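Enquirer: Structure file start_20.txt (compact mmCIF, C-alpha atoms and all ligand atoms) right here:
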# COMPACT_ATOMS: atom_id res chain seq x y z
CA MET A 686 40.46 -60.11 184.10
CA ASN A 687 36.78 -61.11 183.32
CA LYS A 688 37.38 -60.71 179.60
CA PHE A 689 40.35 -63.06 179.81
CA ILE A 690 38.30 -65.76 181.62
CA LEU A 691 35.50 -65.35 179.07
CA TYR A 692 37.99 -65.78 176.25
CA VAL A 693 39.43 -68.96 177.82
CA PHE A 694 35.91 -70.41 178.25
CA ALA A 695 35.03 -69.58 174.63
CA LEU A 696 38.23 -71.21 173.40
CA VAL A 697 37.60 -74.36 175.49
CA PHE A 698 33.99 -74.52 174.19
CA LEU A 699 35.13 -74.26 170.56
CA ILE A 700 37.72 -77.00 170.99
CA MET A 701 35.21 -79.25 172.85
CA SER A 702 32.56 -78.78 170.13
CA GLY A 703 35.01 -80.03 167.47
CA CYS A 704 35.27 -76.72 165.62
CA SER A 705 38.71 -76.47 164.16
CA GLY A 706 40.54 -73.96 162.04
CA GLU A 707 39.33 -76.16 159.16
CA GLU A 708 35.70 -75.28 159.86
CA ASN A 709 33.63 -74.55 156.77
CA ILE A 710 30.60 -72.50 155.78
CA LYS A 711 28.29 -74.49 158.08
CA GLY A 712 30.83 -74.63 160.89
CA LYS A 713 30.96 -78.44 160.47
CA SER A 714 34.33 -80.10 160.73
CA ASN A 715 33.30 -83.11 158.56
CA SER A 716 30.59 -84.30 156.17
CA ASN A 717 29.39 -87.39 158.09
CA HIS A 718 25.78 -88.00 159.16
CA LEU A 719 24.38 -84.88 157.52
CA THR A 720 20.73 -83.81 157.58
CA ILE A 721 19.63 -82.85 154.08
CA GLY A 722 16.34 -81.41 152.85
CA PHE A 723 15.26 -82.72 149.42
CA SER A 724 12.49 -80.80 147.62
CA GLN A 725 11.29 -83.08 144.81
CA ILE A 726 8.88 -81.86 142.10
CA GLY A 727 6.43 -84.75 142.38
CA ALA A 728 5.90 -88.24 140.96
CA GLU A 729 4.59 -87.25 137.50
CA SER A 730 6.69 -89.68 135.48
CA SER A 731 8.64 -92.92 135.82
CA TRP A 732 11.76 -90.84 135.23
CA ARG A 733 10.92 -88.76 138.33
CA THR A 734 10.30 -91.86 140.42
CA ALA A 735 13.70 -93.23 139.37
CA GLU A 736 15.39 -89.97 140.36
CA THR A 737 13.70 -89.94 143.77
CA GLU A 738 14.75 -93.56 144.41
CA SER A 739 18.33 -92.77 143.38
CA ILE A 740 18.58 -89.89 145.86
CA ARG A 741 16.80 -91.71 148.69
CA SER A 742 18.96 -94.83 148.36
CA GLU A 743 22.21 -92.83 148.14
CA ALA A 744 21.33 -90.92 151.35
CA LYS A 745 20.77 -94.25 153.10
CA LYS A 746 24.00 -95.72 151.71
CA ARG A 747 25.99 -92.72 153.00
CA ASN A 748 24.19 -92.70 156.36
CA HIS A 749 22.74 -89.21 155.95
CA THR A 750 19.26 -88.19 157.14
CA LEU A 751 17.03 -87.12 154.24
CA LYS A 752 13.98 -84.90 154.86
CA PHE A 753 11.86 -85.52 151.73
CA SER A 754 9.11 -83.28 150.35
CA ASP A 755 6.93 -84.08 147.28
CA ALA A 756 5.59 -80.79 145.87
CA GLN A 757 2.91 -82.34 143.61
CA GLN A 758 4.39 -80.25 140.76
CA LYS A 759 3.60 -76.94 142.55
CA GLN A 760 6.33 -74.32 143.05
CA GLU A 761 4.61 -72.85 146.12
CA ASN A 762 4.93 -76.23 147.83
CA GLN A 763 8.64 -76.35 146.99
CA ILE A 764 9.19 -72.86 148.41
CA LYS A 765 7.29 -73.82 151.59
CA ALA A 766 9.42 -76.95 151.95
CA LEU A 767 12.67 -75.01 151.44
CA ASN A 768 11.70 -72.45 154.09
CA ALA A 769 10.90 -75.29 156.48
CA PHE A 770 14.28 -76.95 155.81
CA ILE A 771 16.00 -73.60 156.45
CA ALA A 772 14.08 -73.11 159.72
CA GLN A 773 15.23 -76.60 160.75
CA ASN A 774 18.79 -75.53 159.92
CA VAL A 775 19.54 -78.52 157.68
CA ASP A 776 23.15 -78.99 156.57
CA ALA A 777 22.26 -78.75 152.85
CA ILE A 778 19.31 -78.65 150.45
CA ILE A 779 18.81 -80.64 147.23
CA LEU A 780 16.26 -78.97 144.94
CA ALA A 781 14.73 -80.18 141.66
CA PRO A 782 13.09 -76.87 140.61
CA VAL A 783 9.76 -77.38 138.82
CA VAL A 784 10.13 -74.11 136.89
CA GLU A 785 13.04 -71.74 136.16
CA THR A 786 11.90 -68.50 137.83
CA GLY A 787 10.66 -67.27 141.24
CA TRP A 788 13.44 -68.74 143.43
CA GLU A 789 15.51 -65.66 144.46
CA PRO A 790 13.84 -64.89 147.87
CA VAL A 791 14.02 -68.43 149.24
CA LEU A 792 17.53 -69.00 147.86
CA ARG A 793 18.64 -65.73 149.51
CA ASN A 794 17.14 -67.05 152.76
CA ALA A 795 19.21 -70.25 152.47
CA LYS A 796 22.37 -68.29 151.65
CA LYS A 797 21.84 -66.05 154.71
CA ARG A 798 21.87 -69.21 156.84
CA ASN A 799 24.92 -70.63 155.02
CA ILE A 800 22.92 -73.62 153.75
CA PRO A 801 24.28 -74.82 150.37
CA VAL A 802 21.63 -75.54 147.69
CA ILE A 803 22.40 -78.27 145.15
CA LEU A 804 20.16 -78.11 142.04
CA VAL A 805 19.42 -81.43 140.36
CA ASP A 806 17.85 -82.18 136.96
CA ARG A 807 16.44 -78.72 136.14
CA GLY A 808 17.90 -75.21 136.30
CA VAL A 809 16.82 -71.84 137.69
CA ILE A 810 17.18 -68.28 136.39
CA VAL A 811 18.67 -66.00 139.09
CA ALA A 812 20.60 -62.71 138.81
CA ASP A 813 23.21 -63.95 141.28
CA ASP A 814 24.36 -67.52 140.70
CA SER A 815 26.05 -67.62 144.10
CA LEU A 816 22.53 -68.36 145.38
CA TYR A 817 23.10 -72.03 144.51
CA THR A 818 26.19 -74.23 144.72
CA THR A 819 25.85 -76.26 141.52
CA LEU A 820 23.43 -77.53 138.86
CA ILE A 821 23.69 -81.28 138.19
CA ALA A 822 21.68 -82.00 135.02
CA THR A 823 21.79 -83.27 131.47
CA ASP A 824 21.93 -80.83 128.55
CA PHE A 825 18.28 -80.38 127.52
CA VAL A 826 19.07 -78.30 124.43
CA ASN A 827 21.30 -81.17 123.24
CA GLU A 828 18.52 -83.68 123.93
CA GLY A 829 16.08 -81.72 121.77
CA ARG A 830 18.72 -81.36 119.06
CA LEU A 831 19.49 -85.11 119.09
CA ALA A 832 15.77 -85.88 118.71
CA GLY A 833 15.52 -83.53 115.71
CA GLU A 834 18.68 -84.95 114.13
CA TRP A 835 17.35 -88.51 114.48
CA ILE A 836 14.18 -87.51 112.58
CA ILE A 837 16.22 -85.88 109.80
CA LYS A 838 18.47 -88.94 109.48
CA ASN A 839 15.83 -91.68 109.81
CA ILE A 840 12.57 -90.14 108.58
CA GLY A 841 13.76 -87.40 106.25
CA THR A 842 13.38 -83.66 105.76
CA GLN A 843 9.65 -83.58 104.98
CA ALA A 844 7.13 -84.39 107.74
CA ASN A 845 4.26 -82.89 109.75
CA ILE A 846 5.27 -83.05 113.41
CA VAL A 847 3.10 -82.61 116.51
CA GLU A 848 4.88 -81.77 119.78
CA LEU A 849 3.94 -82.84 123.31
CA GLU A 850 5.63 -80.28 125.54
CA GLY A 851 6.70 -80.76 129.15
CA THR A 852 5.73 -78.55 132.10
CA PRO A 853 5.35 -74.90 130.99
CA GLY A 854 8.22 -72.77 132.33
CA SER A 855 10.44 -75.74 133.15
CA SER A 856 14.01 -75.67 131.84
CA ALA A 857 13.51 -79.21 130.52
CA ALA A 858 10.57 -78.18 128.30
CA ILE A 859 11.99 -74.80 127.25
CA ASP A 860 15.40 -76.15 126.28
CA ARG A 861 14.27 -79.39 124.63
CA GLN A 862 11.97 -77.35 122.38
CA LYS A 863 14.84 -74.90 121.70
CA GLY A 864 17.23 -77.68 120.68
CA PHE A 865 14.61 -79.46 118.57
CA MET A 866 13.71 -76.29 116.65
CA GLN A 867 17.42 -75.53 116.11
CA ALA A 868 17.87 -78.98 114.54
CA ILE A 869 14.91 -78.79 112.14
CA SER A 870 14.98 -75.06 111.36
CA SER A 871 17.03 -75.51 108.15
CA TYR A 872 14.34 -77.78 106.65
CA PRO A 873 11.13 -75.81 105.88
CA LYS A 874 9.24 -79.02 105.03
CA LEU A 875 9.85 -80.36 108.54
CA LYS A 876 6.92 -78.55 110.18
CA VAL A 877 5.63 -78.54 113.77
CA THR A 878 1.91 -78.23 113.00
CA GLN A 879 0.63 -78.46 116.63
CA SER A 880 2.33 -78.10 120.03
CA GLN A 881 0.76 -78.35 123.49
CA THR A 882 1.81 -79.29 127.02
CA GLY A 883 1.14 -82.78 128.28
CA GLU A 884 2.68 -81.84 131.68
CA PHE A 885 5.20 -84.72 131.39
CA THR A 886 2.43 -87.20 132.31
CA ARG A 887 1.17 -90.28 130.42
CA ALA A 888 -2.51 -89.42 131.00
CA LYS A 889 -2.22 -85.85 129.72
CA GLY A 890 -0.02 -86.99 126.83
CA LYS A 891 -2.80 -89.36 125.72
CA GLU A 892 -5.46 -86.66 126.10
CA VAL A 893 -3.52 -84.09 124.05
CA MET A 894 -2.69 -86.65 121.35
CA GLU A 895 -6.40 -87.54 121.08
CA ALA A 896 -7.13 -83.84 120.53
CA PHE A 897 -4.35 -83.56 117.92
CA LEU A 898 -5.74 -86.57 116.02
CA LYS A 899 -9.29 -85.18 116.10
CA SER A 900 -8.43 -81.61 115.15
CA SER A 901 -5.51 -82.07 112.78
CA LYS A 902 -6.30 -80.86 109.25
CA ASP A 903 -2.89 -82.08 108.05
CA LYS A 904 -1.76 -85.69 108.22
CA ILE A 905 0.41 -86.33 111.32
CA ASP A 906 3.69 -88.07 110.42
CA VAL A 907 5.72 -87.75 113.64
CA VAL A 908 5.22 -87.07 117.36
CA PHE A 909 8.05 -85.36 119.26
CA ALA A 910 7.38 -85.84 122.99
CA HIS A 911 9.50 -84.08 125.65
CA ASN A 912 9.40 -87.28 127.72
CA ASP A 913 8.69 -91.00 127.32
CA ASP A 914 5.61 -90.98 129.58
CA MET A 915 3.78 -88.57 127.26
CA ALA A 916 4.93 -90.62 124.24
CA LEU A 917 3.50 -93.80 125.85
CA GLY A 918 0.20 -91.98 126.36
CA ALA A 919 0.27 -90.84 122.73
CA ILE A 920 0.86 -94.43 121.61
CA GLN A 921 -2.37 -95.46 123.36
CA ALA A 922 -4.28 -92.62 121.66
CA ILE A 923 -2.85 -93.52 118.22
CA GLU A 924 -3.84 -97.18 118.62
CA GLU A 925 -7.36 -96.26 119.81
CA ALA A 926 -7.72 -94.08 116.71
CA GLY A 927 -6.95 -97.11 114.53
CA TYR A 928 -3.40 -96.25 113.48
CA LYS A 929 -0.14 -98.20 114.02
CA PRO A 930 2.21 -96.24 116.31
CA GLY A 931 5.82 -96.47 115.17
CA VAL A 932 4.65 -97.17 111.61
CA ASP A 933 1.75 -94.90 110.47
CA ILE A 934 2.79 -92.25 113.00
CA LYS A 935 6.37 -92.34 114.26
CA LEU A 936 7.36 -91.22 117.76
CA VAL A 937 10.57 -89.74 119.17
CA SER A 938 10.87 -88.90 122.87
CA VAL A 939 13.34 -88.24 125.71
CA ASP A 940 14.26 -89.95 129.02
CA GLY A 941 15.16 -93.56 128.15
CA VAL A 942 12.91 -95.20 130.77
CA LEU A 943 12.22 -98.95 130.64
CA GLY A 944 8.72 -98.42 129.24
CA ALA A 945 10.28 -96.66 126.24
CA PHE A 946 12.58 -99.62 125.55
CA GLN A 947 9.63 -102.02 125.83
CA ALA A 948 7.70 -99.86 123.33
CA MET A 949 10.69 -99.80 120.95
CA VAL A 950 11.05 -103.59 121.14
CA ALA A 951 7.32 -103.80 120.30
CA GLY A 952 7.89 -101.48 117.34
CA LYS A 953 5.57 -98.75 118.74
CA LEU A 954 8.21 -96.11 119.66
CA ASN A 955 10.99 -95.24 117.22
CA CYS A 956 13.63 -93.45 119.32
CA THR A 957 14.32 -92.16 122.83
CA VAL A 958 17.10 -89.79 123.90
CA GLU A 959 18.40 -90.86 127.31
CA CYS A 960 18.28 -88.32 130.18
CA ASN A 961 19.83 -90.16 133.10
CA PRO A 962 17.87 -89.72 136.39
CA LEU A 963 20.32 -91.70 138.55
CA LEU A 964 21.87 -88.57 140.06
CA GLY A 965 22.13 -89.72 143.70
CA ASP A 966 25.89 -90.34 143.87
CA VAL A 967 26.86 -87.15 142.03
CA ALA A 968 24.40 -85.12 144.13
CA PHE A 969 25.78 -86.36 147.45
CA ASP A 970 29.39 -85.92 146.33
CA ALA A 971 28.48 -82.26 145.73
CA VAL A 972 26.61 -81.97 149.05
CA GLU A 973 29.54 -83.39 151.04
CA ARG A 974 32.06 -81.17 149.28
CA ALA A 975 29.90 -78.07 149.79
CA VAL A 976 29.31 -78.74 153.50
CA SER A 977 33.05 -79.33 153.98
CA GLY A 978 33.73 -75.97 152.38
CA LYS A 979 35.40 -77.56 149.34
CA LYS A 980 34.96 -76.14 145.83
CA VAL A 981 32.16 -77.60 143.65
CA GLU A 982 31.90 -77.05 139.88
CA LYS A 983 29.03 -74.69 139.07
CA ARG A 984 27.64 -76.95 136.35
CA ILE A 985 27.95 -80.76 136.32
CA VAL A 986 26.68 -82.16 132.97
CA ILE A 987 25.33 -85.72 132.82
CA GLU A 988 25.91 -87.24 129.34
CA ASP A 989 23.01 -88.08 126.96
CA ARG A 990 22.83 -91.07 124.57
CA VAL A 991 20.38 -91.88 121.73
CA PHE A 992 18.62 -95.27 121.51
CA ASP A 993 16.35 -96.51 118.73
CA GLN A 994 14.70 -99.75 117.62
CA SER A 995 17.95 -100.99 116.02
CA VAL A 996 19.54 -101.43 119.48
CA ALA A 997 16.55 -101.65 121.88
CA LYS A 998 16.45 -105.48 122.05
CA ASP A 999 20.21 -105.69 122.81
CA VAL A 1000 20.26 -103.14 125.62
CA ILE A 1001 16.86 -103.51 127.35
CA GLU A 1002 18.17 -106.10 129.85
CA SER A 1003 20.95 -103.73 130.97
CA ARG A 1004 18.67 -100.75 131.68
CA LYS A 1005 18.84 -99.54 135.31
CA TYR A 1006 15.62 -97.45 135.42
C1 LIG B 1101 14.45 -84.01 133.15
C2 LIG B 1101 13.24 -83.98 134.07
C3 LIG B 1101 11.96 -84.23 133.32
C4 LIG B 1101 11.90 -85.61 132.65
C5 LIG B 1101 10.45 -85.94 132.85
O1 LIG B 1101 15.61 -83.73 133.88
O2 LIG B 1101 13.15 -82.72 134.70
O3 LIG B 1101 10.91 -84.18 134.27
O4 LIG B 1101 12.27 -85.59 131.31
C6 LIG B 1101 10.24 -85.46 134.27
O5 LIG B 1101 10.12 -87.30 132.71
O6 LIG B 1101 8.89 -85.38 134.57
Show me this structure written as structure tokens.
Expert:
Amino acid sequence: MNKFILYVFALVFLIMSGCSGEENIKGKSNSNHLTIGFSQIGAESSWRTAETESIRSEAKKRNHTLKFSDAQQKQENQIKALNAFIAQNVDAIILAPVVETGWEPVLRNAKKRNIPVILVDRGVIVADDSLYTTLIATDFVNEGRLAGEWIIKNIGTQANIVELEGTPGSSAAIDRQKGFMQAISSYPKLKVTQSQTGEFTRAKGKEVMEAFLKSSKDKIDVVFAHNDDMALGAIQAIEEAGYKPGVDIKLVSVDGVLGAFQAMVAGKLNCTVECNPLLGDVAFDAVERAVSGKKVEKRIVIEDRVFDQSVAKDVIESRKY
């Protein structure tokens, strides 16, 4: 008799708390007013700031609560933030992983608590890809390839190139370099003579470019920068060394931020490959689907486009970041 009463109480409780047969992995019956933890890498570039703004404003627009953490580009801070979000039992996590490796333990912790993890803008390497719901990002290998192809088409197949790399171990830096080398590998006279990380920041990009200019035995013809902020820093270094950026030394970079378009209009940057940071709407579509137990594609690719000085003036007014 007691068991029966207990069963009736349990059933009444479930119905009162809104759980229905439709309940999903988090036991939520809908995807309204969610609480989401967002672990952002930092604020190292204007691209990053645009991405943060896109995610913050989309959370507000959809009336979700966003717990935001800025990791100052340190993985240990991201892992701490994720564990805190899990302890607070958030409905979902959005993660922009600073580097590719070292995520399995914390992602297993999230999975144990049925908290979906949506990766934005950079990928992770894990043995079991069920540890995250989806990766929403551009194709970095393609971006590097497009940069190399622009050089071949517009500068030629003979040039000394110096490379400003992004954050070591990040999928953005690894894959942009991979794509770039794939594009130029058939042309032995297209040579990368020096390559060093500028950490995706303008200040470090300037510093490394100054060192390249001082130490380079060979003439530098082209700079390939993994992001616009480092290219803008390199432009400053080139000018301070008495050369004309965009003319004496040409520059090709990635991101497509407003500063890059301004530099192209001024003739100081030659080309930028767009890497769209406005991921807020796609990210929250994925969050809401995941929390409702609906299927989400494992990989959502954001398209890239190439812009150079020939179009910069016409499109600069329409740029959204
Ligand atoms: C790309 C992103 C990179 C940008 C940089 O998705 O991870 O990090 O290219 C940013 O500007 O710092």
Enquirer: Quick one: pull the distance between CA of Gly722 in chain A and CA of Lys752 in chain A, Å, one decimal.
Expert: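 Between CA of Gly722 in chain A and CA of Lys752 in chain A the gap works out to 4.7 Å.
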Enquirer: To check your reading of the model: which residues sit at most 6 Å from ligand LIG 1101 (chain B) when counting all atoms listed in the file? Write the answer as a CSV table (one decimal) with C-alpha atoms, in the coordinates of the input.
Expert:
chain,number,residue,atom,x,y,z
A,729,GLU,CA,4.6,-87.2,137.5
A,730,SER,CA,6.7,-89.7,135.5
A,732,TRP,CA,11.8,-90.8,135.2
A,733,ARG,CA,10.9,-88.8,138.3
A,806,ASP,CA,17.8,-82.2,137.0
A,807,ARG,CA,16.4,-78.7,136.1
A,857,ALA,CA,13.5,-79.2,130.5
A,885,PHE,CA,5.2,-84.7,131.4
A,912,ASN,CA,9.4,-87.3,127.7
A,940,ASP,CA,14.3,-90.0,129.0
Enquirer: Compare A:Leu898, A:Leu943, A:Ala777, A:Ala858 by their minimum atom-to-atom distance to Ala926 in chain A, counting only C-alpha atoms, and give me the closest one.
Expert: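 Comparing A:Leu898, A:Leu943, A:Ala777, A:Ala858 against Ala926 in chain A, the winner is A:Leu898.
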Enquirer: What is the CA of Thr818 in chain A to CA of Glu982 in chain A distance in Å?
Expert: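 Between CA of Thr818 in chain A and CA of Glu982 in chain A the gap works out to 8.0 Å.
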Enquirer: Using only C-alpha atoms, find the one residue out of A:Lys904, A:Lys979, A:Lys876, A:Arg887 that sits nearest to Glu848 in chain A.
Expert: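 Closest residue, counting only C-alpha atoms: A:Lys876.
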Enquirer: With N, CA and C atoms as the goal, would you fill in the gaps in range 763-797 of chain A and present it as a compact mmCIF listing (two decimals), keeping the file's coordinate frame?
Expert:
# COMPACT_ATOMS: atom_id res chain seq x y z
N GLN A 763 7.17 -76.22 146.88
CA GLN A 763 8.64 -76.35 146.99
C GLN A 763 9.20 -75.22 147.85
N ILE A 764 8.69 -74.01 147.65
CA ILE A 764 9.19 -72.86 148.41
C ILE A 764 8.87 -73.05 149.90
N LYS A 765 7.67 -73.56 150.19
CA LYS A 765 7.29 -73.82 151.59
C LYS A 765 8.26 -74.84 152.21
N ALA A 766 8.53 -75.89 151.45
CA ALA A 766 9.42 -76.95 151.95
C ALA A 766 10.82 -76.40 152.20
N LEU A 767 11.31 -75.57 151.26
CA LEU A 767 12.67 -75.01 151.44
C LEU A 767 12.73 -74.14 152.68
N ASN A 768 11.69 -73.31 152.88
CA ASN A 768 11.70 -72.45 154.09
C ASN A 768 11.65 -73.29 155.37
N ALA A 769 10.95 -74.41 155.30
CA ALA A 769 10.90 -75.29 156.48
C ALA A 769 12.27 -75.93 156.73
N PHE A 770 12.92 -76.37 155.66
CA PHE A 770 14.28 -76.95 155.81
C PHE A 770 15.23 -75.92 156.42
N ILE A 771 15.10 -74.67 155.96
CA ILE A 771 16.00 -73.60 156.45
C ILE A 771 15.73 -73.36 157.93
N ALA A 772 14.45 -73.31 158.30
CA ALA A 772 14.08 -73.11 159.72
C ALA A 772 14.62 -74.25 160.59
N GLN A 773 14.69 -75.44 160.01
CA GLN A 773 15.23 -76.60 160.75
C GLN A 773 16.76 -76.64 160.70
N ASN A 774 17.33 -75.64 160.00
CA ASN A 774 18.79 -75.53 159.92
C ASN A 774 19.46 -76.81 159.41
N VAL A 775 18.92 -77.33 158.28
CA VAL A 775 19.54 -78.52 157.68
C VAL A 775 20.96 -78.19 157.22
N ASP A 776 21.76 -79.23 156.99
CA ASP A 776 23.15 -78.99 156.57
C ASP A 776 23.24 -78.59 155.10
N ALA A 777 22.27 -79.08 154.29
CA ALA A 777 22.26 -78.75 152.85
C ALA A 777 20.87 -79.03 152.30
N ILE A 778 20.59 -78.46 151.14
CA ILE A 778 19.31 -78.65 150.45
C ILE A 778 19.60 -79.17 149.04
N ILE A 779 18.81 -80.19 148.64
CA ILE A 779 18.81 -80.64 147.23
C ILE A 779 17.47 -80.20 146.66
N LEU A 780 17.50 -79.50 145.53
CA LEU A 780 16.26 -78.97 144.94
C LEU A 780 16.18 -79.36 143.46
N ALA A 781 15.04 -79.95 143.08
CA ALA A 781 14.73 -80.18 141.66
C ALA A 781 13.67 -79.14 141.31
N PRO A 782 14.04 -77.99 140.76
CA PRO A 782 13.09 -76.87 140.61
C PRO A 782 12.09 -77.10 139.48
N VAL A 783 10.79 -77.05 139.82
CA VAL A 783 9.76 -77.38 138.82
C VAL A 783 9.77 -76.40 137.66
N VAL A 784 10.02 -75.13 137.96
CA VAL A 784 10.13 -74.11 136.89
C VAL A 784 11.40 -73.29 137.11
N GLU A 785 11.73 -72.42 136.11
CA GLU A 785 13.04 -71.74 136.16
C GLU A 785 13.04 -70.50 137.05
N THR A 786 11.89 -69.83 137.18
CA THR A 786 11.90 -68.50 137.83
C THR A 786 11.20 -68.52 139.19
N GLY A 787 11.38 -67.45 139.96
CA GLY A 787 10.66 -67.27 141.24
C GLY A 787 11.40 -67.81 142.46
N TRP A 788 12.70 -68.07 142.33
CA TRP A 788 13.44 -68.74 143.43
C TRP A 788 14.30 -67.77 144.25
N GLU A 789 14.52 -66.52 143.79
CA GLU A 789 15.51 -65.66 144.46
C GLU A 789 15.26 -65.51 145.97
N PRO A 790 14.02 -65.13 146.41
CA PRO A 790 13.84 -64.89 147.87
C PRO A 790 14.21 -66.09 148.73
N VAL A 791 13.74 -67.26 148.37
CA VAL A 791 14.02 -68.43 149.24
C VAL A 791 15.49 -68.84 149.14
N LEU A 792 16.10 -68.67 147.97
CA LEU A 792 17.53 -69.00 147.86
C LEU A 792 18.38 -68.00 148.65
N ARG A 793 17.92 -66.73 148.69
CA ARG A 793 18.64 -65.73 149.51
C ARG A 793 18.51 -66.10 150.99
N ASN A 794 17.37 -66.62 151.37
CA ASN A 794 17.14 -67.05 152.76
C ASN A 794 18.11 -68.18 153.13
N ALA A 795 18.28 -69.12 152.22
CA ALA A 795 19.21 -70.25 152.47
C ALA A 795 20.65 -69.73 152.57
N LYS A 796 20.98 -68.81 151.66
CA LYS A 796 22.37 -68.29 151.65
C LYS A 796 22.67 -67.54 152.96
N LYS A 797 21.65 -66.81 153.45
CA LYS A 797 21.84 -66.05 154.71
C LYS A 797 22.19 -67.01 155.86
